[in-house]
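> Here you go, this is model.pdb (PDB, C-alpha atoms, pLDDT in the B column).
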```pdb
ATOM      1  CA  MET A   1     130.650 155.920 118.770  1.00 53.00           C
ATOM      2  CA  ARG A   2     129.512 157.795 115.685  1.00 55.00           C
ATOM      3  CA  ILE A   3     131.659 158.241 112.582  1.00 61.00           C
ATOM      4  CA  GLY A   4     130.907 160.793 109.870  1.00 58.00           C
ATOM      5  CA  LEU A   5     129.008 164.020 109.627  1.00 53.00           C
ATOM      6  CA  PRO A   6     125.966 164.846 111.713  1.00 59.00           C
ATOM      7  CA  VAL A   7     122.590 164.337 109.973  1.00 57.00           C
ATOM      8  CA  ALA A   8     121.984 168.072 109.394  1.00 56.00           C
ATOM      9  CA  GLU A   9     125.380 168.521 107.742  1.00 60.00           C
ATOM     10  CA  THR A  10     124.839 165.406 105.575  1.00 57.00           C
ATOM     11  CA  LEU A  11     121.491 166.801 104.349  1.00 55.00           C
ATOM     12  CA  GLN A  12     123.058 170.192 103.572  1.00 68.00           C
ATOM     13  CA  LEU A  13     125.883 168.503 101.655  1.00 63.00           C
ATOM     14  CA  GLY A  14     123.350 166.429  99.688  1.00 67.00           C
ATOM     15  CA  SER A  15     121.340 169.550  98.859  1.00 68.00           C
ATOM     16  CA  LEU A  16     124.488 171.366  97.788  1.00 68.00           C
ATOM     17  CA  LYS A  17     125.464 168.475  95.495  1.00 72.00           C
ATOM     18  CA  ALA A  18     121.972 168.431  93.966  1.00 66.00           C
ATOM     19  CA  LEU A  19     122.076 172.197  93.394  1.00 64.00           C
ATOM     20  CA  LEU A  20     125.531 171.990  91.819  1.00 62.00           C
ATOM     21  CA  LEU A  21     124.433 169.139  89.544  1.00 62.00           C
ATOM     22  CA  THR A  22     121.340 171.095  88.501  1.00 66.00           C
ATOM     23  CA  VAL A  23     123.398 174.187  87.652  1.00 62.00           C
ATOM     24  CA  LEU A  24     125.943 172.160  85.654  1.00 61.00           C
ATOM     25  CA  LEU A  25     123.254 170.334  83.691  1.00 61.00           C
ATOM     26  CA  SER A  26     121.486 173.628  82.989  1.00 66.00           C
ATOM     27  CA  VAL A  27     124.661 175.198  81.625  1.00 61.00           C
ATOM     28  CA  PHE A  28     125.491 172.220  79.407  1.00 65.00           C
ATOM     29  CA  MET A  29     121.923 171.673  78.223  1.00 65.00           C
ATOM     30  CA  PHE A  30     121.133 175.327  77.492  1.00 59.00           C
ATOM     31  CA  GLN A  31     122.400 175.263  73.891  1.00 61.00           C
ATOM     32  CA  LEU A  32     120.656 172.007  73.082  1.00 57.00           C
ATOM     33  CA  LEU A  33     117.371 173.170  74.585  1.00 56.00           C
ATOM     34  CA  ARG A  34     117.682 176.533  72.819  1.00 53.00           C
ATOM     35  CA  THR A  35     118.232 174.859  69.436  1.00 50.00           C
ATOM     36  CA  VAL A  36     115.335 172.451  69.897  1.00 48.00           C
ATOM     37  CA  GLY A  37     113.077 175.280  71.052  1.00 51.00           C
ATOM     38  CA  LEU A  38     113.928 177.506  68.090  1.00 44.00           C
ATOM     39  CA  ARG A  39     113.292 174.671  65.638  1.00 48.00           C
ATOM     40  CA  ALA A  40     109.981 173.827  67.259  1.00 52.00           C
ATOM     41  CA  PHE A  41     108.929 177.480  67.175  1.00 50.00           C
ATOM     42  CA  SER A  42     109.995 177.784  63.528  1.00 46.00           C
ATOM     43  CA  MET A  43     107.982 174.727  62.545  1.00 49.00           C
ATOM     44  CA  ALA A  44     104.934 175.786  64.534  1.00 54.00           C
ATOM     45  CA  SER A  45     104.911 179.390  63.360  1.00 55.00           C
ATOM     46  CA  GLU A  46     105.076 178.712  59.601  1.00 67.00           C
ATOM     47  CA  THR A  47     101.884 177.865  57.784  1.00 82.00           C
ATOM     48  CA  TYR A  48     101.527 175.654  54.745  1.00 85.00           C
ATOM     49  CA  ILE A  49      98.503 175.157  52.529  1.00 90.00           C
ATOM     50  CA  SER A  50      98.156 171.458  51.762  1.00 90.00           C
ATOM     51  CA  GLY A  51      98.762 170.628  48.097  1.00 90.00           C
ATOM     52  CA  THR A  52     100.682 173.806  47.238  1.00 93.00           C
ATOM     53  CA  HIS A  53     103.726 171.666  46.444  1.00 97.00           C
ATOM     54  CA  SER A  54     104.067 168.269  44.810  1.00 97.00           C
ATOM     55  CA  ALA A  55     106.484 165.385  44.620  1.00 98.00           C
ATOM     56  CA  ALA A  56     106.768 164.125  41.044  1.00 98.00           C
ATOM     57  CA  PHE A  57     108.316 160.868  39.888  1.00 98.00           C
ATOM     58  CA  VAL A  58     110.013 160.090  36.580  1.00 98.00           C
ATOM     59  CA  THR A  59     111.768 156.864  35.623  1.00 98.00           C
ATOM     60  CA  CYS A  60     114.826 156.960  33.346  1.00 98.00           C
ATOM     61  CA  PRO A  61     116.714 154.233  31.482  1.00 97.00           C
ATOM     62  CA  ASN A  62     120.114 155.148  32.957  1.00 97.00           C
ATOM     63  CA  ASP A  63     122.120 157.544  35.110  1.00 97.00           C
ATOM     64  CA  THR A  64     123.152 159.789  32.189  1.00 98.00           C
ATOM     65  CA  VAL A  65     119.559 160.476  31.139  1.00 98.00           C
ATOM     66  CA  ALA A  66     118.564 160.960  34.795  1.00 98.00           C
ATOM     67  CA  LYS A  67     121.311 163.532  35.441  1.00 98.00           C
ATOM     68  CA  ASP A  68     120.608 165.413  32.209  1.00 98.00           C
ATOM     69  CA  LEU A  69     116.898 165.633  32.968  1.00 98.00           C
ATOM     70  CA  ALA A  70     117.499 166.576  36.621  1.00 98.00           C
ATOM     71  CA  ARG A  71     119.894 169.404  35.687  1.00 98.00           C
ATOM     72  CA  GLY A  72     117.527 170.761  33.049  1.00 98.00           C
ATOM     73  CA  ILE A  73     114.552 170.628  35.420  1.00 98.00           C
ATOM     74  CA  VAL A  74     116.395 172.551  38.151  1.00 98.00           C
ATOM     75  CA  GLU A  75     118.043 175.027  35.737  1.00 98.00           C
ATOM     76  CA  LYS A  76     114.654 175.875  34.206  1.00 98.00           C
ATOM     77  CA  LYS A  77     113.246 176.374  37.738  1.00 98.00           C
ATOM     78  CA  LEU A  78     110.661 173.659  37.209  1.00 98.00           C
ATOM     79  CA  ALA A  79     111.720 172.177  40.570  1.00 98.00           C
ATOM     80  CA  ALA A  80     113.780 173.093  43.606  1.00 98.00           C
ATOM     81  CA  CYS A  81     115.379 169.669  43.977  1.00 98.00           C
ATOM     82  CA  VAL A  82     115.629 166.391  42.108  1.00 98.00           C
ATOM     83  CA  ASN A  83     116.819 163.270  43.905  1.00 98.00           C
ATOM     84  CA  ILE A  84     118.288 160.555  41.701  1.00 98.00           C
ATOM     85  CA  VAL A  85     117.562 157.107  43.099  1.00 98.00           C
ATOM     86  CA  PRO A  86     119.743 154.511  41.376  1.00 96.00           C
ATOM     87  CA  ALA A  87     119.144 150.856  40.637  1.00 95.00           C
ATOM     88  CA  ILE A  88     115.415 150.345  40.763  1.00 97.00           C
ATOM     89  CA  THR A  89     113.728 147.448  39.004  1.00 97.00           C
ATOM     90  CA  SER A  90     110.514 148.125  37.140  1.00 96.00           C
ATOM     91  CA  VAL A  91     108.090 145.356  36.212  1.00 97.00           C
ATOM     92  CA  TYR A  92     105.338 146.476  33.864  1.00 95.00           C
ATOM     93  CA  GLU A  93     103.151 145.485  30.943  1.00 95.00           C
ATOM     94  CA  TRP A  94     104.091 146.985  27.582  1.00 93.00           C
ATOM     95  CA  GLN A  95     102.487 146.056  24.267  1.00 94.00           C
ATOM     96  CA  GLY A  96     100.934 142.905  25.701  1.00 96.00           C
ATOM     97  CA  LYS A  97     104.099 141.545  27.334  1.00 97.00           C
ATOM     98  CA  ILE A  98     105.399 141.641  30.897  1.00 97.00           C
ATOM     99  CA  GLU A  99     108.708 143.526  30.904  1.00 96.00           C
ATOM    100  CA  GLU A 100     111.385 143.932  33.573  1.00 97.00           C
ATOM    101  CA  ASP A 101     114.019 146.664  33.364  1.00 96.00           C
ATOM    102  CA  SER A 102     116.661 148.317  35.510  1.00 97.00           C
ATOM    103  CA  GLU A 103     115.918 152.019  35.771  1.00 98.00           C
ATOM    104  CA  VAL A 104     116.795 155.167  37.692  1.00 98.00           C
ATOM    105  CA  LEU A 105     114.091 157.112  39.546  1.00 98.00           C
ATOM    106  CA  LEU A 106     113.862 160.884  39.754  1.00 98.00           C
ATOM    107  CA  MET A 107     112.057 162.221  42.819  1.00 98.00           C
ATOM    108  CA  ILE A 108     111.226 165.840  42.050  1.00 98.00           C
ATOM    109  CA  LYS A 109     110.043 168.496  44.524  1.00 98.00           C
ATOM    110  CA  THR A 110     108.183 171.406  42.967  1.00 97.00           C
ATOM    111  CA  ARG A 111     105.150 173.661  43.122  1.00 97.00           C
ATOM    112  CA  SER A 112     101.953 171.906  42.083  1.00 96.00           C
ATOM    113  CA  SER A 113     101.351 174.685  39.561  1.00 96.00           C
ATOM    114  CA  LYS A 114     104.589 173.673  37.768  1.00 97.00           C
ATOM    115  CA  VAL A 115     103.651 170.015  37.208  1.00 97.00           C
ATOM    116  CA  PRO A 116     102.172 170.567  33.693  1.00 97.00           C
ATOM    117  CA  ALA A 117     105.322 172.440  32.537  1.00 97.00           C
ATOM    118  CA  LEU A 118     107.485 169.782  34.199  1.00 98.00           C
ATOM    119  CA  ALA A 119     105.588 167.006  32.372  1.00 98.00           C
ATOM    120  CA  GLU A 120     105.988 168.846  29.059  1.00 98.00           C
ATOM    121  CA  TYR A 121     109.739 169.272  29.639  1.00 98.00           C
ATOM    122  CA  VAL A 122     110.132 165.572  30.430  1.00 98.00           C
ATOM    123  CA  ARG A 123     108.075 164.498  27.385  1.00 97.00           C
ATOM    124  CA  SER A 124     110.226 166.727  25.144  1.00 97.00           C
ATOM    125  CA  ASN A 125     113.575 165.527  26.533  1.00 98.00           C
ATOM    126  CA  HIS A 126     113.013 161.894  27.529  1.00 98.00           C
ATOM    127  CA  PRO A 127     114.043 158.982  25.287  1.00 97.00           C
ATOM    128  CA  TYR A 128     111.024 156.801  26.159  1.00 96.00           C
ATOM    129  CA  GLU A 129     108.038 156.705  23.828  1.00 94.00           C
ATOM    130  CA  VAL A 130     105.799 157.087  26.890  1.00 96.00           C
ATOM    131  CA  ALA A 131     107.677 158.744  29.736  1.00 96.00           C
ATOM    132  CA  GLU A 132     106.423 158.312  33.271  1.00 96.00           C
ATOM    133  CA  VAL A 133     105.537 161.611  34.936  1.00 97.00           C
ATOM    134  CA  ILE A 134     103.298 161.255  37.964  1.00 98.00           C
ATOM    135  CA  SER A 135     102.859 163.606  40.872  1.00 97.00           C
ATOM    136  CA  LEU A 136     101.368 163.556  44.320  1.00 97.00           C
ATOM    137  CA  PRO A 137     100.442 166.661  46.278  1.00 97.00           C
ATOM    138  CA  ILE A 138     102.429 167.238  49.448  1.00 96.00           C
ATOM    139  CA  ASP A 139      99.989 167.284  52.332  1.00 94.00           C
ATOM    140  CA  GLN A 140     102.465 168.051  55.134  1.00 93.00           C
ATOM    141  CA  GLY A 141     106.180 168.521  55.647  1.00 93.00           C
ATOM    142  CA  ASN A 142     108.900 170.539  57.307  1.00 93.00           C
ATOM    143  CA  PRO A 143     107.670 174.157  56.902  1.00 93.00           C
ATOM    144  CA  PRO A 144     111.126 175.694  56.319  1.00 94.00           C
ATOM    145  CA  TYR A 145     111.820 173.089  53.603  1.00 94.00           C
ATOM    146  CA  LEU A 146     108.464 173.698  51.937  1.00 95.00           C
ATOM    147  CA  LYS A 147     109.096 177.442  52.086  1.00 94.00           C
ATOM    148  CA  TRP A 148     112.460 176.860  50.400  1.00 95.00           C
ATOM    149  CA  ILE A 149     110.749 175.029  47.523  1.00 96.00           C
ATOM    150  CA  GLY A 150     108.408 177.987  47.096  1.00 94.00           C
ATOM    151  CA  ASP A 151     111.304 180.454  47.224  1.00 95.00           C
ATOM    152  CA  VAL A 152     113.325 178.575  44.567  1.00 96.00           C
ATOM    153  CA  VAL A 153     110.470 177.758  42.178  1.00 96.00           C
ATOM    154  CA  PRO A 154     108.604 180.884  41.053  1.00 91.00           C
ATOM    155  CA  GLU A 155     104.851 180.853  40.418  1.00 87.00           C
TER     156      GLU A 155
END
```
Represent the structure from my file as structure tokens, please.

Amino acid sequence: MRIGLPVAETLQLGSLKALLLTVLLSVFMFQLLRTVGLRAFSMASETYISGTHSAAFVTCPNDTVAKDLARGIVEKKLAACVNIVPAITSVYEWQGKIEEDSEVLLMIKTRSSKVPALAEYVRSNHPYEVAEVISLPIDQGNPPYLKWIGDVVPE
């Protein structure tokens, strides 16, 4: 005695379940796949010339100086963004002695062509006798973000 559906009906039911599952997954995944696809296309279609933008670094003695410098840098369009990284420890040689200080780090994103003006602004507004201003060219990055830097910081 046989219990259940015949083999042909069982296969059809299995195929129907698989089709239904495929349709449901497609509907639910469409938005996610669309978003990922658009982002991938956006990143692939934008071009960036290596070194056009730079990340500059400036150390500050405290949060107040860091915020004042950051605001001035962005207001004067010397950079698109300044990140303030609190509580770093710097160990360095100064006037023949090894020093250790708590500082705040500014991470500045700008056009490479603006680095000299940025360095001049920092030298003019920084309390240190010798202010740190170093920059590294940006070789690669998220194209829409790099475009944003270029849009915010004029040539």
> Interatomic distance between CA of Gln95 (chain A) and CA of Pro61 (chain A)?
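Answer for the CA of Gln95 (chain A) to CA of Pro61 (chain A) separation: 17.9 Å.
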> To verify the selection step, state as number ranges by chain which residues the PyMOL selection byres ((chain A and resi 108-113) around 10) yields on this input.
A: 51-58, 70, 73-74, 77-84, 105-107, 114-118, 135-138, 146, 149-150, 152-155
> When you look at Glu100 (chain A) with a cut-off of 7 Å (counting all atoms listed in the file), what residues show up, excluding the ones that are within fewer than 2 positions of it in the same chain? I need them as a ChimeraX atom specification.
/A:89-92,98
> Between CA of Ile134 (chain A) and CA of Ala119 (chain A), what distance in Å does the model show, to one decimal?
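These two atoms are separated by 8.3 Å.
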> Nearest to Val122 (chain A): which of A:Leu69, A:Val104, A:Val85, A:Ile49 is it, counting all atoms listed in the file?
A:Leu69
> Just to confirm, what's the straight-line distance from CA of Trp94 (chain A) to CA of Arg71 (chain A) in Å (one decimal)?
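Interatomic distance here is 28.6 Å.
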